[in-house]
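Containing compact mmCIF, C-alpha atoms and all ligand atoms: run_26.txt.
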# COMPACT_ATOMS: atom_id res chain seq x y z
CA MET T 21 -21.12 8.99 1.57
CA SER T 22 -19.93 7.19 -1.55
CA SER T 23 -17.68 4.15 -1.47
CA ASP T 24 -13.88 4.23 -1.76
CA VAL T 25 -13.86 3.31 -5.42
CA LEU T 26 -16.51 5.89 -6.33
CA ARG T 27 -14.67 8.65 -4.49
CA PHE T 28 -11.42 7.55 -6.11
CA SER T 29 -12.99 7.70 -9.58
CA MET T 30 -14.56 11.04 -8.79
CA ARG T 31 -11.19 12.45 -7.75
CA LEU T 32 -9.51 11.16 -10.91
CA LEU T 33 -12.13 12.66 -13.19
CA GLU T 34 -11.97 15.92 -11.30
CA GLN T 35 -8.21 16.06 -11.77
CA GLU T 36 -8.81 15.51 -15.48
CA GLY T 37 -11.01 18.59 -15.58
CA ALA T 38 -14.45 17.08 -15.13
CA ALA T 39 -17.19 18.72 -13.08
CA VAL T 40 -18.33 16.11 -10.56
CA GLU T 41 -21.03 15.79 -7.94
CA ASP T 42 -21.14 13.17 -5.22
CA GLY T 43 -24.70 11.87 -5.14
CA SER T 44 -24.11 9.46 -2.23
CA GLY T 45 -24.02 6.04 -3.82
CA TYR T 46 -23.40 7.45 -7.29
CA VAL T 47 -21.38 10.24 -8.87
CA ASP T 48 -22.56 12.53 -11.66
CA ALA T 49 -19.83 13.83 -13.93
CA LEU T 50 -19.67 16.25 -16.80
CA LEU T 51 -16.55 15.37 -18.78
CA PRO T 52 -14.55 17.72 -21.01
CA LEU T 53 -15.15 16.69 -24.62
CA GLU T 54 -11.59 15.45 -25.11
CA LEU T 55 -11.72 13.29 -21.97
CA ALA T 56 -15.09 11.84 -22.98
CA ARG T 57 -13.61 10.97 -26.37
CA GLN T 58 -10.53 9.34 -24.83
CA LEU T 59 -12.62 7.22 -22.51
CA GLY T 60 -15.31 6.54 -25.09
CA TRP T 61 -17.92 7.68 -22.56
CA ASN T 62 -20.82 10.11 -22.78
CA GLU T 63 -19.96 13.64 -21.75
CA GLU T 64 -22.65 13.41 -19.13
CA VAL T 65 -22.15 10.24 -17.18
CA ARG T 66 -23.33 8.77 -13.92
CA LEU T 67 -20.81 6.53 -12.15
CA VAL T 68 -22.26 3.66 -10.18
CA GLU T 69 -20.63 0.80 -8.38
CA ASP T 70 -23.03 -2.03 -9.08
CA PRO T 71 -22.17 -3.46 -12.57
CA SER T 72 -25.75 -4.74 -12.96
CA GLY T 73 -27.03 -1.19 -12.50
CA GLU T 74 -25.28 0.01 -15.66
CA ARG T 75 -27.62 1.50 -18.21
CA SER T 76 -27.20 4.01 -20.98
CA GLY T 77 -25.44 7.11 -19.64
CA MET T 78 -24.10 5.12 -16.68
CA LYS T 79 -20.72 3.54 -16.05
CA SER T 80 -19.87 1.03 -13.38
CA VAL T 81 -16.47 1.56 -11.79
CA ALA T 82 -16.59 -1.48 -9.48
CA TYR T 83 -13.40 -3.48 -9.09
CA GLY T 84 -12.70 -5.57 -12.16
CA THR T 85 -15.03 -3.61 -14.46
CA ALA T 86 -13.95 -2.20 -17.80
CA GLY T 87 -14.96 1.24 -16.54
CA LEU T 88 -12.41 1.25 -13.73
CA GLU T 89 -9.73 -0.24 -15.99
CA GLN T 90 -10.32 2.56 -18.51
CA LEU T 91 -9.89 5.17 -15.81
CA LEU T 92 -6.71 3.55 -14.50
CA ASP T 93 -5.28 3.24 -18.01
CA LEU T 94 -6.00 6.89 -18.61
CA VAL T 95 -3.94 7.85 -15.57
CA ARG T 96 -1.14 5.46 -16.44
CA LEU T 97 -0.96 6.83 -19.97
CA ARG T 98 -0.73 10.37 -18.71
CA GLY T 99 1.99 9.19 -16.34
CA SER T 100 2.38 12.62 -14.85
CA VAL T 101 2.23 13.79 -11.29
CA ILE T 102 -0.69 16.02 -10.48
CA CYS T 103 0.64 18.96 -8.47
CA LEU T 104 -1.55 20.62 -5.89
CA ARG T 105 -0.81 23.35 -3.44
CA ALA T 106 -2.62 23.48 -0.13
CA GLY T 107 -3.89 27.00 0.48
CA LEU T 108 -3.17 26.87 4.19
CA PRO T 109 -1.98 29.68 6.40
CA THR T 110 1.71 29.64 7.28
CA PRO T 111 1.94 27.81 10.61
CA ALA T 112 2.79 29.97 13.61
CA LEU T 113 6.40 29.52 14.66
CA ARG T 114 6.88 27.20 17.62
CA ASP T 115 9.96 25.77 19.17
CA LEU T 116 10.32 22.30 17.66
CA VAL T 117 12.91 21.21 20.23
CA ALA T 118 10.24 20.42 22.83
CA ASP T 119 8.04 18.70 20.19
CA ALA T 120 10.98 16.64 18.96
CA ARG T 121 12.09 15.68 22.46
CA ASN T 122 8.55 14.57 23.34
CA GLY T 123 7.64 13.01 20.03
CA LEU T 124 10.86 11.31 18.94
CA ARG T 125 13.20 9.00 20.81
CA PHE T 126 16.80 8.30 19.83
CA ARG T 127 18.42 5.38 21.62
CA MET T 128 22.07 6.32 21.34
CA LYS T 129 25.11 7.13 23.39
CA GLY T 130 26.04 10.47 21.83
CA PRO T 131 24.23 13.81 21.99
CA VAL T 132 21.18 14.85 19.93
CA ALA T 133 20.91 18.56 19.10
CA PHE T 134 18.30 20.57 17.22
CA GLY T 135 18.84 23.74 15.21
CA ALA T 136 16.51 26.72 15.06
CA THR T 137 12.97 26.23 13.80
CA THR T 138 12.32 27.66 10.33
CA ARG T 139 9.32 27.95 8.04
CA SER T 140 9.51 25.90 4.87
CA MET T 141 7.44 24.30 2.13
CA ALA T 142 7.33 20.51 2.04
CA SER T 143 6.02 18.25 -0.71
CA TYR T 144 4.18 15.02 -0.13
CA LEU T 145 3.60 12.41 -2.77
CA VAL T 146 0.27 10.62 -2.45
CA VAL T 147 0.12 7.38 -4.42
CA HIS T 148 -2.94 5.22 -4.97
CA TYR T 149 -2.07 1.60 -5.56
CA TRP T 150 -4.45 -0.87 -7.02
CA LEU T 151 -4.04 -4.11 -5.09
CA ALA T 152 -4.88 -7.44 -6.71
CA ALA T 153 -4.30 -10.64 -4.73
CA ALA T 154 -4.99 -13.95 -6.42
CA SER T 155 -5.12 -17.44 -4.99
CA GLU T 156 -8.00 -19.93 -4.70
CA GLU T 157 -10.01 -16.74 -4.30
CA SER T 158 -9.13 -13.27 -5.43
CA HIS T 159 -9.25 -9.96 -3.66
CA GLU T 160 -8.94 -6.41 -4.92
CA GLY T 161 -8.64 -3.10 -3.17
CA LEU T 162 -7.03 0.31 -3.02
CA ILE T 163 -3.97 1.15 -0.93
CA ARG T 164 -3.10 4.79 -0.35
CA VAL T 165 0.30 5.99 0.73
CA ALA T 166 1.60 9.48 1.48
CA VAL T 167 5.36 10.09 1.69
CA ASN T 168 7.27 13.22 2.71
CA GLU T 169 9.43 13.77 -0.38
CA SER T 170 12.30 15.20 1.59
CA THR T 171 12.58 12.81 4.57
CA LEU T 172 10.88 9.87 2.76
CA ALA T 173 8.79 9.28 5.89
CA PRO T 174 5.55 7.44 5.07
CA LEU T 175 2.75 9.25 6.90
CA GLN T 176 -0.33 7.41 8.01
CA GLY T 177 -3.40 9.55 8.22
CA LEU T 178 -2.13 12.28 5.90
CA HIS T 179 -4.12 11.05 2.94
CA ALA T 180 -7.34 11.01 4.94
CA ALA T 181 -6.58 14.46 6.37
CA LEU T 182 -5.97 15.80 2.85
CA GLU T 183 -9.34 14.43 1.73
CA GLY T 184 -10.89 16.63 4.39
CA LEU T 185 -9.03 19.64 2.99
CA ARG T 186 -10.19 19.18 -0.59
CA ASP T 187 -11.51 22.71 -0.87
CA ALA T 188 -8.11 24.12 0.12
CA LEU T 189 -6.19 22.18 -2.55
CA HIS T 190 -5.51 24.06 -5.75
CA PRO T 191 -3.67 23.06 -8.91
CA GLY T 192 -0.15 24.41 -9.02
CA GLY T 193 2.44 24.09 -6.35
CA VAL T 194 6.10 23.63 -6.94
CA GLN T 195 7.81 20.67 -8.57
CA GLY T 196 8.99 19.26 -5.27
CA GLY T 197 9.39 21.30 -2.10
CA ALA T 198 12.65 22.24 -0.39
CA GLY T 199 15.10 19.35 -0.30
CA SER T 200 12.83 16.92 -2.16
CA ARG T 201 14.50 13.71 -3.19
CA PRO T 202 14.36 12.44 -6.80
CA LEU T 203 10.98 10.99 -7.76
CA PRO T 204 12.23 7.38 -8.17
CA ASP T 205 13.48 7.42 -4.55
CA VAL T 206 10.16 8.76 -3.34
CA LEU T 207 8.27 6.15 -5.36
CA GLN T 208 10.46 3.40 -3.92
CA ALA T 209 9.69 4.58 -0.39
CA ALA T 210 5.98 4.71 -1.29
CA SER T 211 5.97 1.21 -2.72
CA ARG T 212 7.76 -0.22 0.32
CA GLU T 213 5.08 1.30 2.52
CA ALA T 214 2.36 0.09 0.13
CA ARG T 215 3.67 -3.48 0.44
CA ARG T 216 3.53 -3.23 4.22
CA LEU T 217 0.00 -1.83 4.14
CA ALA T 218 -1.08 -4.40 1.56
CA LEU T 219 0.02 -7.26 3.81
CA ARG T 220 -1.88 -5.75 6.71
CA HIS T 221 -4.90 -5.15 4.46
CA LEU T 222 -4.76 -8.76 3.25
CA GLU T 223 -4.52 -10.34 6.72
CA PRO T 224 -8.24 -11.31 7.00
CA PHE T 225 -8.16 -12.59 3.41
CA MET T 226 -5.03 -14.68 4.14
CA THR T 227 -6.61 -16.04 7.35
CA THR T 228 -9.65 -17.19 5.39
CA LEU T 229 -7.42 -18.74 2.72
CA GLU T 230 -5.32 -20.53 5.34
CA ARG T 231 -8.47 -21.91 6.98
CA ARG T 232 -9.71 -23.22 3.63
CA ARG T 233 -6.31 -24.66 2.76
CA ARG T 234 -6.17 -26.49 6.08
CA ARG T 235 -9.73 -27.79 5.63
CA ASP T 236 -8.93 -29.08 2.12
CA GLY T 237 -5.67 -30.59 3.44
CA ASN T 238 -7.52 -32.40 6.24
CA ARG T 239 -10.09 -33.73 3.78
CA LEU T 240 -7.34 -35.02 1.50
CA HIS T 241 -5.59 -36.57 4.46
CA SER T 242 -8.66 -38.48 5.69
CA TYR T 243 -9.50 -39.57 2.16
CA PHE T 244 -6.02 -41.01 1.56
CA GLU T 245 -5.87 -42.52 5.07
CA SER T 246 -9.05 -44.45 4.32
CA MET T 247 -7.66 -45.50 0.93
CA LEU T 248 -4.56 -46.86 2.68
CA ALA T 249 -6.64 -48.65 5.32
CA GLU T 250 -8.78 -50.18 2.58
CA THR T 251 -5.69 -51.42 0.72
CA ALA T 252 -4.26 -52.86 3.95
CA ALA T 253 -7.53 -54.61 4.80
CA ARG T 254 -7.37 -56.43 1.53
CA ARG T 255 -3.91 -57.76 2.53
CA GLY T 256 -4.42 -61.04 4.45
CA PRO T 257 -2.46 -64.25 4.04
CA GLY T 258 -1.21 -64.86 0.56
CA ARG T 259 1.72 -65.39 -1.59
CA ALA T 260 4.76 -63.10 -1.32
CA SER T 261 4.15 -61.70 -4.81
CA ARG T 262 0.61 -60.64 -3.80
CA ARG T 263 2.00 -58.81 -0.72
CA VAL T 264 4.45 -57.00 -2.93
CA SER T 265 1.67 -55.84 -5.18
CA ILE T 266 -0.27 -54.49 -2.15
CA GLU T 267 2.80 -52.58 -1.03
CA ASP T 268 3.15 -51.18 -4.53
CA ARG T 269 -0.44 -50.04 -4.42
CA GLN T 270 0.07 -48.40 -1.01
CA ASN T 271 3.17 -46.64 -2.29
CA ALA T 272 1.19 -45.42 -5.26
CA VAL T 273 -1.52 -44.10 -2.90
CA ARG T 274 1.13 -42.26 -0.85
CA ALA T 275 2.73 -40.77 -3.98
CA GLU T 276 -0.69 -39.62 -5.16
CA TYR T 277 -1.35 -38.06 -1.74
CA GLU T 278 1.93 -36.13 -1.87
CA ARG T 279 1.15 -34.95 -5.39
CA LYS T 280 -2.28 -33.71 -4.30
CA ILE T 281 -0.76 -31.89 -1.31
CA ARG T 282 1.74 -30.18 -3.64
CA ASP T 283 -1.12 -29.17 -5.95
CA LEU T 284 -2.94 -27.77 -2.95
CA SER T 285 0.03 -25.59 -1.95
CA LEU T 286 0.30 -24.31 -5.51
CA ARG T 287 -3.40 -23.57 -5.69
CA TYR T 288 -3.32 -21.66 -2.44
CA GLY T 289 -0.09 -19.78 -3.21
CA LEU T 290 -0.71 -16.06 -2.97
CA ARG T 291 0.18 -13.74 -5.85
CA VAL T 292 -0.01 -10.07 -4.95
CA ARG T 293 0.19 -7.25 -7.45
CA LEU T 294 0.37 -3.58 -6.57
CA ARG T 295 0.00 -1.14 -9.43
CA PRO T 296 0.45 2.59 -8.88
CA ALA T 297 -2.68 4.16 -10.27
CA ALA T 298 -2.45 7.85 -9.48
CA LEU T 299 0.23 10.21 -8.30
CA MET T 300 -0.55 13.43 -6.56
CA ARG T 301 1.95 15.87 -5.12
CA VAL T 302 0.71 18.21 -2.42
CA THR T 303 2.88 21.08 -1.24
CA ILE T 304 2.12 22.54 2.17
CA PRO T 305 3.76 25.07 4.49
CA VAL T 306 5.52 23.34 7.39
CA LEU T 307 8.00 24.02 10.17
CA GLN T 308 11.39 22.41 10.12
CA ALA T 309 14.42 22.10 12.34
CA VAL T 310 17.71 20.36 11.65
CA CYS T 311 18.45 17.45 13.93
CA CYS T 312 22.12 16.70 14.48
CA LEU T 313 23.41 13.40 15.88
CA ARG T 314 27.00 13.01 17.00
CA TRP T 315 29.09 10.07 18.12
CA LYS T 316 32.88 10.36 18.48
CA THR T 317 34.13 11.76 15.16
CA VAL T 318 30.94 11.00 13.19
CA SER T 319 28.00 13.37 12.83
CA ARG T 320 24.79 13.30 10.86
CA ALA T 321 22.21 16.00 10.24
CA PHE T 322 18.69 15.70 8.80
CA PRO T 323 15.50 17.74 8.96
CA VAL T 324 12.61 17.00 11.28
CA THR T 325 9.26 18.33 10.15
CA TRP T 326 6.26 19.62 12.06
CA ASN T 327 3.20 18.89 9.96
CA PRO T 328 0.39 21.47 10.39
CA ILE T 329 -2.22 19.13 8.91
CA LEU T 330 -1.43 16.29 11.29
CA HIS T 331 -0.60 18.75 14.09
CA GLU T 332 2.45 16.79 15.09
CA ILE T 333 6.11 16.23 14.44
CA GLU T 334 6.57 13.66 11.70
CA PRO T 335 8.17 10.30 12.53
CA LEU T 336 11.73 9.31 11.67
CA VAL T 337 12.56 6.81 8.95
CA CYS T 338 14.28 3.49 9.58
CA ASP T 339 17.41 3.29 7.41
CA ALA T 340 16.99 -0.47 7.02
CA CYS T 341 13.30 -1.08 6.27
CA GLY T 342 12.07 2.42 5.45
CA CYS T 343 9.17 2.36 7.89
CA ALA T 344 8.13 5.37 9.93
CA SER T 345 9.16 5.15 13.56
CA ARG T 346 9.09 7.49 16.55
CA GLU T 347 11.74 5.50 18.37
CA VAL T 348 14.99 4.49 16.72
CA VAL T 349 18.17 2.73 17.75
CA VAL T 350 21.22 4.65 16.52
CA ASP T 351 24.38 2.63 15.86
CA GLU T 352 27.99 3.87 15.89
CA ASP T 353 27.76 4.85 12.20
CA LEU T 354 24.64 6.86 13.14
CA ARG T 355 22.31 4.66 11.13
CA LEU T 356 18.74 4.70 12.45
CA THR T 357 16.91 1.41 12.93
CA CYS T 358 13.35 0.88 14.14
CA ALA T 359 12.75 -1.38 17.14
CA GLY T 360 12.40 -5.01 16.02
CA CYS T 361 13.36 -4.05 12.47
CA PRO T 362 12.43 -6.77 9.94
CA GLY T 363 15.24 -5.54 7.64
CA ASP T 364 14.99 -4.31 4.08
CA PRO T 365 11.81 -5.77 2.54
CA ALA T 366 13.35 -5.39 -0.94
CA ALA T 367 16.20 -7.71 0.05
CA ARG T 368 13.76 -10.48 0.98
CA ASP T 369 11.08 -9.84 -1.58
CA PRO T 370 12.39 -8.72 -4.96
CA GLY T 371 8.76 -8.25 -6.18
ZN ZN M 401 13.17 -0.92 10.32
Would you put the structure from the file into structure tokens?
Ligand SMILES: [Zn+2]
Amino acid sequence: MSSDVLRFSMRLLEQEGAAVEDGSGYVDALLPLELARQLGWNEEVRLVEDPSGERSGMKSVAYGTAGLEQLLDLVRLRGSVICLRAGLPTPALRDLVADARNGLRFRMKGPVAFGATTRSMASYLVVHYWLAAASEESHEGLIRVAVNESTLAPLQGLHAALEGLRDALHPGGVQGGAGSRPLPDVLQAASREARRLALRHLEPFMTTLERRRRRDGNRLHSYFESMLAETAARRGPGRASRRVSIEDRQNAVRAEYERKIRDLSLRYGLRVRLRPAALMRVTIPVLQAVCCLRWKTVSRAFPVTWNPILHEIEPLVCDACGCASREVVVDEDLRLTCAGCPGDPAARDPG
């Protein structure tokens, strides 16, 4: 099985019309002439991950290599969404009321009602983000997000499940399924989810950084403590003017310590960049039912979706933070909020 980055590159080239073969540890590709020209690569190329293994007719697509950058640029320049249609059988009708009552929980005073189950087509946008985190060390990786374009629910596991269905995915599909929201809204939902996943992905990296920062801080502290002690030891009886000069020196040592600590915080500050690298829209047949919430004179209706690939009812979306949640608190205006909601990430983090 090839690595994430090799499979990602293989998928990109395939979408651009190349014939590819996964050689386990490498990928052989036959590029259309035009694509080979655009990339400046041979038509017949073997993709490898190890940059030192690059020879004539081979391209390394490891993180940070020119090869991967060229591929990403190609996709960015195209800027279009690749539309695929999953050739799956129409799911058998089932009563979604029981699924919704078991799989979703609304904490509210008013009634929750579900309409009849209908067959529908739903579109999902799959976005690959290239994650680059820089601090004293740097870290790169891929973050994949799939969002239901109609409900804007981010769906964990859908991307992986789609990978397993590769043979059933065909070019085509509609430009957005029934009730799809405008692309910018979908992208915003995807990038909110990507930020959440990126933070989770970066946790071990941030733990290591924090450990190093603390170690460097402790070293600085002991170094400056001993400097201070040394200066104090040289104090002793003397004229007032000499004592003043020792105090000056100690103050200078303290100021230098504070400056070094500030430098340390700057050095260990974390800069995270997420760049969307590839957009793929997959349209699949689903089951839907309208969910209707009511409280006094207010009512709100939205679709709930049964996903035949995940074999489950899809989660709800928190109106505040946009995360997927199977249990929501519903307020008197019928806004849905996830339990322990951190609030809108965009309001705290404009990046
Ligand atoms: Zn929330």
Self-check item: Selected residue, from T:Val132, T:Leu104, T:Leu284, T:Ala120, that lies nearest to T:Val324 when counting only C-alpha atoms
Solution: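 Using only C-alpha atoms, T:Val324 sits closest to T:Ala120.
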Practice problem: Please identify all polymer residues within 12 Å of T:Ser319, counting only C-alpha atoms, omitting same-chain residues fewer than 3 positions from it, and present them as JSON, numbers by chain. | Solution: {"T": [130, 131, 132, 133, 311, 312, 313, 314, 315, 316, 322, 350, 351, 352, 353, 354, 355]}
Please, which residues have at least one atom within 10 Å of an atom of ligand ZN 401 (chain M), using only C-alpha atoms and all ligand atoms, listed as a PDB file with C-alpha atoms, keeping the file's coordinate frame?
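Saved result, part.pdb, follows:
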ATOM      1  CA  VAL T 337      12.560   6.810   8.950  1.00  0.00           C
ATOM      2  CA  CYS T 338      14.280   3.490   9.580  1.00  0.00           C
ATOM      3  CA  ASP T 339      17.410   3.290   7.410  1.00  0.00           C
ATOM      4  CA  ALA T 340      16.990  -0.470   7.020  1.00  0.00           C
ATOM      5  CA  CYS T 341      13.300  -1.080   6.270  1.00  0.00           C
ATOM      6  CA  GLY T 342      12.070   2.420   5.450  1.00  0.00           C
ATOM      7  CA  CYS T 343       9.170   2.360   7.890  1.00  0.00           C
ATOM      8  CA  ALA T 344       8.130   5.370   9.930  1.00  0.00           C
ATOM      9  CA  SER T 345       9.160   5.150  13.560  1.00  0.00           C
ATOM     10  CA  VAL T 348      14.990   4.490  16.720  1.00  0.00           C
ATOM     11  CA  VAL T 349      18.170   2.730  17.750  1.00  0.00           C
ATOM     12  CA  LEU T 356      18.740   4.700  12.450  1.00  0.00           C
ATOM     13  CA  THR T 357      16.910   1.410  12.930  1.00  0.00           C
ATOM     14  CA  CYS T 358      13.350   0.880  14.140  1.00  0.00           C
ATOM     15  CA  ALA T 359      12.750  -1.380  17.140  1.00  0.00           C
ATOM     16  CA  GLY T 360      12.400  -5.010  16.020  1.00  0.00           C
ATOM     17  CA  CYS T 361      13.360  -4.050  12.470  1.00  0.00           C
ATOM     18  CA  PRO T 362      12.430  -6.770   9.940  1.00  0.00           C
ATOM     19  CA  GLY T 363      15.240  -5.540   7.640  1.00  0.00           C
ATOM     20  CA  ASP T 364      14.990  -4.310   4.080  1.00  0.00           C
ATOM     21  CA  PRO T 365      11.810  -5.770   2.540  1.00  0.00           C
TER      22      PRO T 365
END
Exercise. Could you tell me which of T:Arg57, T:Arg320, T:Arg121, T:Arg31 comes closest to T:Pro335 if we count all atoms listed in the file?
Key: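 The shortest atom-to-atom distance to T:Pro335 comes from T:Arg121.
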Self-check item: Selected residue of minimal separation from T:Leu336 among T:Val167, T:Leu59, T:Leu113, T:Glu160, counting only C-alpha atoms
Solution: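 Counting only C-alpha atoms, the residue closest to T:Leu336 is T:Val167.
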Produce the centre coordinates and the three edge lengths, each in Å to one decimal, of the box along x, y and z that contains all listed atoms of stretch 116-121 of chain T with 4 Å added on each side, as AutoDock Vina command-line options.
--center_x 10.5 --center_y 19.0 --center_z 20.2 --size_x 12.9 --size_y 14.6 --size_z 13.2
Self-check item: T:Val68 surroundings by only C-alpha atoms, 12 Å radius, close-in-sequence under 4 positions cut, as a PyMOL selection string
Solution: chain T and resi 22-27+29-30+42-49+72-83+85+87-88
Quiz item: Of the candidates T:Val117, T:Arg216, T:Lys129, T:Ala252, which shows the shortest atom-to-atom distance to T:Val310, using only C-alpha atoms?
Solution: T:Val117
Quiz prompt | Between atom CA of T:Leu51 and atom CA of T:Asp187 - distance in Å to one decimal | solution =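 Between atom CA of T:Asp187 and atom CA of T:Leu51 the gap is 20.0 Å.
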Exercise. For stretch 137-142 of chain T, work out the shell of residues within 7 Å, counting all atoms listed in the file and skipping chain neighbours fewer than 2 positions away, then give it as a ChimeraX atom specification.
Key: /T:115-116,135,144,197-198,303-309
Selected residues, C-alpha atoms, written as a PDB file, keeping the file's coordinate frame, please.
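Heads up, here's the output in part.pdb:
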ATOM      1  CA  ASP T 115       9.960  25.770  19.170  1.00  0.00           C
ATOM      2  CA  LEU T 116      10.320  22.300  17.660  1.00  0.00           C
ATOM      3  CA  GLY T 135      18.840  23.740  15.210  1.00  0.00           C
ATOM      4  CA  TYR T 144       4.180  15.020  -0.130  1.00  0.00           C
ATOM      5  CA  GLY T 197       9.390  21.300  -2.100  1.00  0.00           C
ATOM      6  CA  ALA T 198      12.650  22.240  -0.390  1.00  0.00           C
ATOM      7  CA  THR T 303       2.880  21.080  -1.240  1.00  0.00           C
ATOM      8  CA  ILE T 304       2.120  22.540   2.170  1.00  0.00           C
ATOM      9  CA  PRO T 305       3.760  25.070   4.490  1.00  0.00           C
ATOM     10  CA  VAL T 306       5.520  23.340   7.390  1.00  0.00           C
ATOM     11  CA  LEU T 307       8.000  24.020  10.170  1.00  0.00           C
ATOM     12  CA  GLN T 308      11.390  22.410  10.120  1.00  0.00           C
ATOM     13  CA  ALA T 309      14.420  22.100  12.340  1.00  0.00           C
TER      14      ALA T 309
END
Self-check item: Nearest residue to T:Gly84 from the set T:Gly161, T:Pro174, T:Pro202, T:Pro191 (distances using only C-alpha atoms)
Solution: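 Result for the nearest residue to T:Gly84: T:Gly161.
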Quiz prompt | Coordinates-based distance that separates atom CA of T:His331 from atom CA of T:Ala297 (Å, one decimal) | solution = 28.5 Å
Self-check item: One-decimal distance in Å that lies between atom CA of T:His159 and atom CA of T:Arg293
Solution: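 These two atoms are separated by 10.5 Å.
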Quiz item: Which is closer to T:Ile281 than all the others in T:Ser246, T:Gln208, T:Thr251, T:Asn238, using only C-alpha atoms?
Solution: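 The answer is T:Asn238, which sits nearest to T:Ile281.
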